[in-house]
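Asker: Sharing input_25.cif (mmCIF, C-alpha atoms) below.
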```cif
data_query
#
loop_
_atom_site.label_atom_id
_atom_site.label_comp_id
_atom_site.auth_asym_id
_atom_site.auth_seq_id
_atom_site.Cartn_x
_atom_site.Cartn_y
_atom_site.Cartn_z
CA MET A 1 77.69 -16.77 49.29
CA ILE A 2 76.67 -18.69 52.41
CA LEU A 3 76.99 -17.22 55.90
CA THR A 4 77.47 -18.91 59.26
CA SER A 5 75.87 -18.06 62.59
CA LYS A 6 79.09 -16.30 63.64
CA ASP A 7 78.81 -13.99 60.63
CA ILE A 8 75.43 -12.57 61.59
CA LYS A 9 75.78 -9.10 63.10
CA TRP A 10 72.26 -7.65 62.76
CA LEU A 11 68.95 -9.27 63.73
CA HIS A 12 65.79 -7.70 62.33
CA VAL A 13 62.77 -8.68 64.42
CA GLU A 14 59.04 -8.26 63.92
CA VAL A 15 57.88 -8.25 67.53
CA SER A 16 54.22 -8.05 66.57
CA SER A 17 51.98 -8.13 63.51
CA LYS A 18 49.44 -5.98 65.37
CA CYS A 19 49.17 -2.26 64.73
CA ASN A 20 46.83 0.66 65.40
CA ALA A 21 47.72 2.40 62.12
CA TRP A 22 46.30 1.86 58.63
CA CYS A 23 49.09 3.13 56.38
CA PRO A 24 47.99 2.66 52.72
CA ALA A 25 51.24 1.16 51.46
CA CYS A 26 51.67 -1.31 54.31
CA PRO A 27 51.30 -4.98 53.27
CA ARG A 28 49.28 -5.53 56.44
CA ASN A 29 46.17 -4.01 54.86
CA ASN A 30 44.37 -3.36 51.57
CA GLY A 31 45.56 0.10 50.65
CA GLY A 32 44.68 1.27 54.14
CA PHE A 33 41.25 -0.38 54.44
CA GLY A 34 40.83 -3.72 56.20
CA LEU A 35 43.36 -6.44 56.94
CA ALA A 36 44.98 -8.10 53.94
CA ALA A 37 44.11 -11.74 53.31
CA GLY A 38 46.24 -14.13 55.32
CA VAL A 39 47.40 -11.64 57.94
CA VAL A 40 47.30 -13.11 61.44
CA GLU A 41 47.60 -10.66 64.32
CA GLN A 42 50.06 -12.12 66.80
CA ASP A 43 53.09 -11.37 68.98
CA LEU A 44 56.48 -13.04 68.75
CA LEU A 45 56.95 -15.26 71.79
CA PRO A 46 59.91 -14.26 73.99
CA SER A 47 61.02 -17.92 74.13
CA LYS A 48 61.31 -18.08 70.34
CA PHE A 49 63.16 -14.77 70.24
CA GLU A 50 65.68 -15.99 72.79
CA GLU A 51 66.11 -19.28 70.92
CA VAL A 52 67.14 -17.32 67.81
CA ILE A 53 69.22 -14.55 69.36
CA SER A 54 71.14 -16.91 71.65
CA SER A 55 72.40 -18.83 68.60
CA LEU A 56 74.10 -15.74 67.11
CA PRO A 57 77.32 -15.35 69.14
CA GLU A 58 78.75 -12.34 67.28
CA LEU A 59 75.56 -10.28 67.11
CA THR A 60 76.05 -6.53 67.55
CA ALA A 61 72.58 -5.07 67.02
CA VAL A 62 68.87 -5.88 67.16
CA GLN A 63 66.30 -3.95 65.15
CA LEU A 64 62.69 -4.18 66.33
CA CYS A 65 60.73 -3.19 63.24
CA GLY A 66 57.93 -5.18 61.68
CA ASN A 67 56.74 -5.62 58.12
CA LEU A 68 53.17 -5.80 59.37
CA GLY A 69 53.02 -4.45 62.91
CA ASP A 70 54.32 -1.99 65.45
CA PRO A 71 56.63 -3.46 68.12
CA ILE A 72 55.02 -1.31 70.81
CA ALA A 73 51.75 -3.17 70.18
CA SER A 74 53.24 -6.38 71.54
CA VAL A 75 52.26 -7.51 75.01
CA TYR A 76 55.80 -8.87 75.29
CA ILE A 77 57.73 -5.76 74.20
CA ASN A 78 59.38 -5.24 77.59
CA ASP A 79 60.31 -8.92 77.84
CA ILE A 80 61.73 -8.88 74.30
CA LEU A 81 63.80 -5.81 75.12
CA SER A 82 65.17 -7.41 78.29
CA ILE A 83 66.24 -10.47 76.30
CA ALA A 84 67.82 -8.34 73.55
CA LYS A 85 69.92 -6.49 76.11
CA LYS A 86 71.42 -9.80 77.27
CA TYR A 87 72.84 -10.59 73.83
CA THR A 88 73.58 -7.34 72.02
CA LYS A 89 75.13 -3.90 72.48
CA LYS A 90 72.63 -1.91 70.41
CA VAL A 91 68.85 -1.84 70.01
CA GLN A 92 66.98 0.08 67.29
CA ILE A 93 63.18 0.34 67.45
CA HIS A 94 60.74 1.64 64.80
CA THR A 95 57.26 2.80 65.82
CA ASN A 96 54.44 5.12 64.84
CA GLY A 97 54.62 6.41 68.41
CA SER A 98 50.90 6.76 69.04
CA LEU A 99 50.45 3.65 71.18
CA ARG A 100 50.70 3.71 75.00
CA ASN A 101 50.86 6.87 77.12
CA THR A 102 53.51 9.29 78.38
CA THR A 103 54.06 7.33 81.62
CA TRP A 104 54.80 4.17 79.66
CA TRP A 105 57.19 5.99 77.33
CA LYS A 106 59.05 7.51 80.27
CA GLU A 107 59.50 4.05 81.78
CA PHE A 108 60.51 2.65 78.40
CA ALA A 109 63.30 5.22 78.16
CA GLU A 110 64.47 4.14 81.60
CA GLN A 111 64.54 0.49 80.50
CA LEU A 112 66.70 1.48 77.53
CA SER A 113 69.07 3.67 79.56
CA ASP A 114 71.75 0.99 79.96
CA VAL A 115 72.03 0.05 76.27
CA ASP A 116 72.97 1.92 73.10
CA HIS A 117 69.58 2.61 71.56
CA ASP A 118 67.64 4.62 69.02
CA VAL A 119 63.85 4.77 68.68
CA TRP A 120 62.60 5.87 65.26
CA PHE A 121 59.24 7.66 65.32
CA GLY A 122 57.41 7.66 61.96
CA ILE A 123 56.07 11.21 61.66
CA ASP A 124 55.11 12.29 58.15
CA GLY A 125 54.12 15.91 58.57
CA LEU A 126 52.39 18.12 61.10
CA ALA A 127 48.89 17.73 62.56
CA GLY A 128 46.31 17.08 59.84
CA VAL A 129 48.93 16.18 57.23
CA HIS A 130 50.75 13.44 59.11
CA GLU A 131 47.52 11.46 59.43
CA ILE A 132 46.92 11.38 55.64
CA TYR A 133 49.38 8.50 55.35
CA ARG A 134 49.59 7.34 58.99
CA GLN A 135 45.85 6.71 59.22
CA GLY A 136 44.52 5.88 62.66
CA THR A 137 47.33 7.68 64.50
CA ASN A 138 47.30 11.07 66.20
CA PHE A 139 50.05 13.63 65.68
CA ASP A 140 49.57 15.38 69.03
CA LYS A 141 49.71 12.11 70.98
CA ILE A 142 52.86 11.03 69.12
CA ILE A 143 54.60 14.29 69.99
CA GLU A 144 53.56 13.95 73.63
CA ASN A 145 54.87 10.37 73.80
CA ALA A 146 58.10 11.23 72.00
CA GLN A 147 58.68 14.22 74.26
CA ALA A 148 58.14 12.08 77.38
CA PHE A 149 60.61 9.53 76.01
CA ILE A 150 63.22 12.18 75.16
CA ASN A 151 62.81 14.02 78.47
CA ALA A 152 63.48 10.75 80.29
CA GLY A 153 66.79 10.34 78.47
CA GLY A 154 65.62 8.35 75.45
CA HIS A 155 67.40 8.71 72.11
CA ALA A 156 64.89 9.39 69.34
CA THR A 157 64.97 9.79 65.55
CA TRP A 158 62.23 11.49 63.50
CA GLN A 159 61.62 9.47 60.31
CA PHE A 160 59.77 11.24 57.49
CA PHE A 161 58.20 9.46 54.48
CA PRO A 162 58.08 12.04 51.65
CA TYR A 163 55.00 12.24 49.44
CA LYS A 164 53.41 14.93 47.32
CA HIS A 165 50.95 15.83 50.08
CA ASN A 166 53.60 16.41 52.78
CA GLU A 167 56.76 17.52 50.96
CA HIS A 168 56.05 21.18 51.76
CA GLN A 169 56.33 20.42 55.51
CA ALA A 170 59.67 18.56 55.47
CA ILE A 171 61.78 21.57 56.50
CA GLU A 172 59.32 22.59 59.22
CA CYS A 173 59.34 19.04 60.59
CA TYR A 174 63.14 19.03 60.52
CA LYS A 175 63.22 22.23 62.59
CA LEU A 176 60.63 20.92 65.03
CA SER A 177 62.57 17.68 65.51
CA HIS A 178 65.56 19.67 66.75
CA GLN A 179 63.43 21.86 69.00
CA LEU A 180 61.98 18.76 70.65
CA GLY A 181 65.34 17.06 71.19
CA PHE A 182 65.32 14.34 68.52
CA LYS A 183 68.88 13.18 67.86
CA GLN A 184 68.33 12.81 64.10
CA PHE A 185 65.90 13.62 61.30
CA LYS A 186 65.78 10.92 58.61
CA LEU A 187 64.20 11.38 55.19
CA ALA A 188 63.24 7.86 54.11
CA LYS A 189 65.05 7.07 50.85
CA LEU A 190 63.38 3.73 50.16
CA TYR A 191 59.87 4.57 51.21
CA ARG A 192 56.72 2.57 50.48
CA SER A 193 55.15 3.91 47.30
CA GLN A 194 51.58 3.37 46.19
CA THR A 195 49.40 5.57 44.01
CA ILE A 196 45.94 4.47 45.15
CA ALA A 197 45.04 4.58 48.83
CA ARG A 198 41.82 3.95 50.74
CA HIS A 199 40.39 5.72 53.74
CA TYR A 200 40.74 3.39 56.69
CA LYS A 201 37.14 3.83 57.87
CA THR A 202 35.17 4.16 54.63
CA GLY A 203 37.30 2.47 51.96
CA VAL A 204 36.94 5.52 49.71
CA GLU A 205 39.94 5.84 47.40
CA PHE A 206 42.28 8.83 47.33
CA ASP A 207 45.55 9.62 45.57
CA LEU A 208 48.86 8.94 47.30
CA LEU A 209 51.38 10.58 44.98
CA PRO A 210 55.19 10.46 45.10
CA THR A 211 57.16 13.56 46.02
CA ASP A 212 58.37 15.99 43.37
CA SER A 213 60.48 18.53 45.23
CA LEU A 214 62.37 15.91 47.30
CA ARG A 215 62.83 13.47 44.41
CA GLN A 216 66.56 14.04 44.08
CA LEU A 217 67.13 13.14 47.75
CA ILE A 218 65.56 9.69 47.61
CA SER A 219 66.10 6.57 45.54
CA ILE A 220 62.86 6.26 43.58
CA ASP A 221 64.40 6.47 40.10
CA LYS A 222 67.01 3.70 40.26
CA ARG A 223 66.61 0.72 37.94
CA LYS A 224 69.09 -2.18 37.90
CA THR A 225 69.12 -5.84 36.92
CA THR A 226 71.18 -7.15 39.82
CA VAL A 227 72.02 -6.25 43.40
CA ALA A 228 75.53 -5.37 44.48
CA PRO A 229 76.52 -7.31 47.62
CA GLU A 230 77.08 -4.03 49.47
CA ASP A 231 73.44 -3.05 48.75
CA CYS A 232 71.94 -6.35 49.91
CA MET A 233 70.38 -6.05 53.37
CA HIS A 234 71.32 -9.65 54.18
CA LEU A 235 74.95 -9.46 53.00
CA SER A 236 76.16 -5.87 53.53
CA ILE A 237 75.75 -6.11 57.29
CA PRO A 238 75.24 -9.88 57.66
CA SER A 239 71.73 -10.16 59.02
CA MET A 240 68.47 -12.09 59.15
CA TYR A 241 64.78 -11.44 59.79
CA VAL A 242 62.39 -13.00 62.31
CA SER A 243 58.64 -12.49 61.78
CA ALA A 244 55.98 -12.42 64.47
CA ASP A 245 55.08 -16.07 63.81
CA GLY A 246 58.64 -17.09 64.72
CA LYS A 247 59.67 -17.93 61.16
CA LEU A 248 63.02 -16.80 59.76
CA SER A 249 64.01 -15.36 56.39
CA ARG A 250 67.13 -13.75 54.99
CA CYS A 251 65.61 -10.26 55.10
CA CYS A 252 62.27 -8.52 55.59
CA TYR A 253 61.53 -8.49 51.84
CA MET A 254 61.69 -12.29 51.78
CA PHE A 255 59.26 -12.85 54.65
CA LYS A 256 56.41 -14.14 52.46
CA ARG A 257 58.61 -16.38 50.34
CA GLU A 258 60.82 -17.92 53.05
CA LYS A 259 59.64 -19.58 56.26
CA PHE A 260 62.61 -21.25 57.95
CA ASN A 261 62.23 -22.73 61.42
CA THR A 262 65.84 -22.46 62.59
CA VAL A 263 68.94 -20.37 62.04
CA ASP A 264 70.80 -23.34 60.57
CA GLU A 265 68.05 -23.94 57.97
CA LEU A 266 68.19 -20.31 56.87
CA LEU A 267 71.98 -20.11 56.69
CA ALA A 268 72.12 -23.11 54.35
CA LYS A 269 70.26 -21.07 51.72
CA ALA A 270 72.45 -19.59 48.96
CA ASN A 271 71.88 -16.01 47.78
CA ASP A 272 70.82 -15.06 44.26
CA LEU A 273 71.39 -11.34 43.73
CA THR A 274 69.57 -11.41 40.38
CA ASP A 275 66.34 -12.52 42.07
CA GLN A 276 63.63 -10.09 40.89
CA LEU A 277 62.38 -9.51 44.43
CA CYS A 278 65.90 -8.53 45.49
CA VAL A 279 66.43 -6.31 42.44
CA SER A 280 63.13 -4.45 42.83
CA ASN A 281 63.81 -3.61 46.48
CA CYS A 282 67.58 -3.23 46.72
CA GLY A 283 68.90 -3.06 43.16
#
```
Please, can you express the file's structure as structure tokens?

Answerer:
Amino acid sequence: MILTSKDIKWLHVEVSSKCNAWCPACPRNNGGFGLAAGVVEQDLLPSKFEEVISSLPELTAVQLCGNLGDPIASVYINDILSIAKKYTKKVQIHTNGSLRNTTWWKEFAEQLSDVDHDVWFGIDGLAGVHEIYRQGTNFDKIIENAQAFINAGGHATWQFFPYKHNEHQAIECYKLSHQLGFKQFKLAKLYRSQTIARHYKTGVEFDLLPTDSLRQLISIDKRKTTVAPEDCMHLSIPSMYVSADGKLSRCCYMFKREKFNTVDELLAKANDLTDQLCVSNCG
């Protein structure tokens, strides 16, 4: 199946490959300790973003969520948002929430006030537990920033990655999210799994074990040999991915394998739903 530019409805954008966090399962680093080989810290240029988004006439949503970085780390985040608002009706942003300060988050909510939006804050437990996976972040600062954003009219979602070490706090986090005014609480169903993690300052290894009690609510046991079109990120809601270096791929899982320069180059690529990379992530 080959799509056209008019088919594309969702644009997934890595605004930056920079991040303040050292999450063990993130491909940006080595189990949480030190940058992975080949990672270049950079921000997507607004000019490149506009070149891509302006060529998608039927686009309905933009998702600012990087494979390697946090969009709030970009020096161009406000410019990128202004451009996105020119071409789409909805903006979704994923962040660890511990960058910037409460004044910035209040102003960010104001910038988003005239567009349908949702900012997902990655919060994996309460103070002291959250930081086990989200190394380098600070729970209290995240809550302060999120509260400033919500109080200024921002629409926020609490996203929770379930592991063995934090599963006992899921219900408490759910309750707190409602108390603070989050619109939604999302339990990540396709979370990043990794058994060996490293402390971000020392490199000392520690266990990062999958959840037991929440196992039935997430998709960690599925095993298939092909991907149904409705489960393919690229085909179910026709979409594409732009990385911080300005290169395009069909989806975020393909970002290392595919490096297209233009929308037309990408759309000429046929889809193989038996590809092992596709099966392992979306099968």

Asker: Could you list, as a ChimeraX atom specification, every residue within 8 Å of range 148-163 of chain A, counting all atoms listed in the file and ignoring same-chain residues fewer than 3 positions away?

Answerer: /A:102-103,105-110,112-113,117-125,144-145,166-167,170,177,181-188,191,208-212,214

Asker: Between CA of Leu176 in chain A and CA of Asn96 in chain A, measure the distance and give it in Å to one decimal.

Answerer: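 So the answer is 17.0 Å.
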
Asker: Pick the closest to Pro57 in chain A from A:Val15, A:Ile142, A:Val75, A:Ile8: which is it, counting all atoms listed in the file?

Answerer: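 Nearest to Pro57 in chain A: A:Ile8.
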
Asker: Do you know which residues are at most 9 Å from Asn138 in chain A counting all atoms listed in the file, after dropping those on the same chain fewer than 4 positions away, and could you put them as a ChimeraX atom specification?

Answerer: /A:97-98,127-128,130-131,134,142-143

Asker: Counting all atoms listed in the file, which residues in range 78-176 of chain A sit no more than 10 Å from range 28-43 of chain A? For each one, give the nearest pair of atoms and the distance in Å, sorted by chain then residue number, as a Markdown table.

Answerer:
```
| residue | atom | partner | partner_atom | distance |
| --- | --- | --- | --- | --- |
| A:Tyr133 | CA | A:Gly32 | CA | 8.7 |
| A:Arg134 | CA | A:Gly32 | CA | 9.2 |
| A:Gln135 | CA | A:Gly32 | CA | 7.5 |
| A:Gly136 | CA | A:Gly32 | CA | 9.7 |
```

Asker: On this structure, which residues satisfy the PyMOL selection byres ((chain A and resi 87) around 8), written as a PyMOL selection string?

Answerer: chain A and resi 53-54+59+83-86+88-89

Asker: Deliver the residues from the most recent selection as a file, using C-alpha atoms, as a compact mmCIF listing (two decimals), in the frame of the given file.

Answerer:
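The resulting selection07.txt:
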```txt
# COMPACT_ATOMS: atom_id res chain seq x y z
CA ILE A 53 69.22 -14.55 69.36
CA SER A 54 71.14 -16.91 71.65
CA LEU A 59 75.56 -10.28 67.11
CA ILE A 83 66.24 -10.47 76.30
CA ALA A 84 67.82 -8.34 73.55
CA LYS A 85 69.92 -6.49 76.11
CA LYS A 86 71.42 -9.80 77.27
CA THR A 88 73.58 -7.34 72.02
CA LYS A 89 75.13 -3.90 72.48
```

Asker: Which of these, A:Ile72, A:Val204, A:Ile93, A:Leu11, has the shortest distance to Glu58 in chain A once you count all atoms listed in the file?

Answerer: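 Looking only at the distances to Glu58 in chain A, the closest residue turns out to be A:Leu11.
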
Asker: How would you write, as an mmCIF file with C-alpha atoms, in the coordinates of the input, the residues chosen by the PyMOL selection byres ((chain A and resi 2) around 10) on this structure?

Answerer:
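Result file is expr-v8.cif:
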```
data_model
loop_
_atom_site.group_PDB
_atom_site.id
_atom_site.type_symbol
_atom_site.label_atom_id
_atom_site.label_comp_id
_atom_site.auth_asym_id
_atom_site.auth_seq_id
_atom_site.Cartn_x
_atom_site.Cartn_y
_atom_site.Cartn_z
ATOM 1 C CA MET A 1 77.690 -16.770 49.290
ATOM 2 C CA LEU A 3 76.990 -17.220 55.900
ATOM 3 C CA THR A 4 77.470 -18.910 59.260
ATOM 4 C CA ASP A 7 78.810 -13.990 60.630
ATOM 5 C CA LEU A 235 74.950 -9.460 53.000
ATOM 6 C CA LEU A 266 68.190 -20.310 56.870
ATOM 7 C CA LEU A 267 71.980 -20.110 56.690
ATOM 8 C CA ALA A 268 72.120 -23.110 54.350
ATOM 9 C CA LYS A 269 70.260 -21.070 51.720
ATOM 10 C CA ALA A 270 72.450 -19.590 48.960
ATOM 11 C CA ASN A 271 71.880 -16.010 47.780
#
```

Asker: Smallest atom-to-atom distance to Lys141 in chain A: which of A:Ser17, A:Gln92, A:Gln179, A:Asn101, using all atoms listed in the file?

Answerer: A:Asn101

Asker: Restricting the calculation to only C-alpha atoms, which member of A:Cys278, A:Arg257, A:Pro238, A:His178 is positioned closest to Thr226 in chain A?

Answerer: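 Nearest to Thr226 in chain A: A:Cys278.
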
Asker: Smallest atom-to-atom distance to His199 in chain A: which of A:Lys259, A:Asp272, A:Lys90, A:Cys23, using only C-alpha atoms?

Answerer: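 The answer is A:Cys23, which sits nearest to His199 in chain A.
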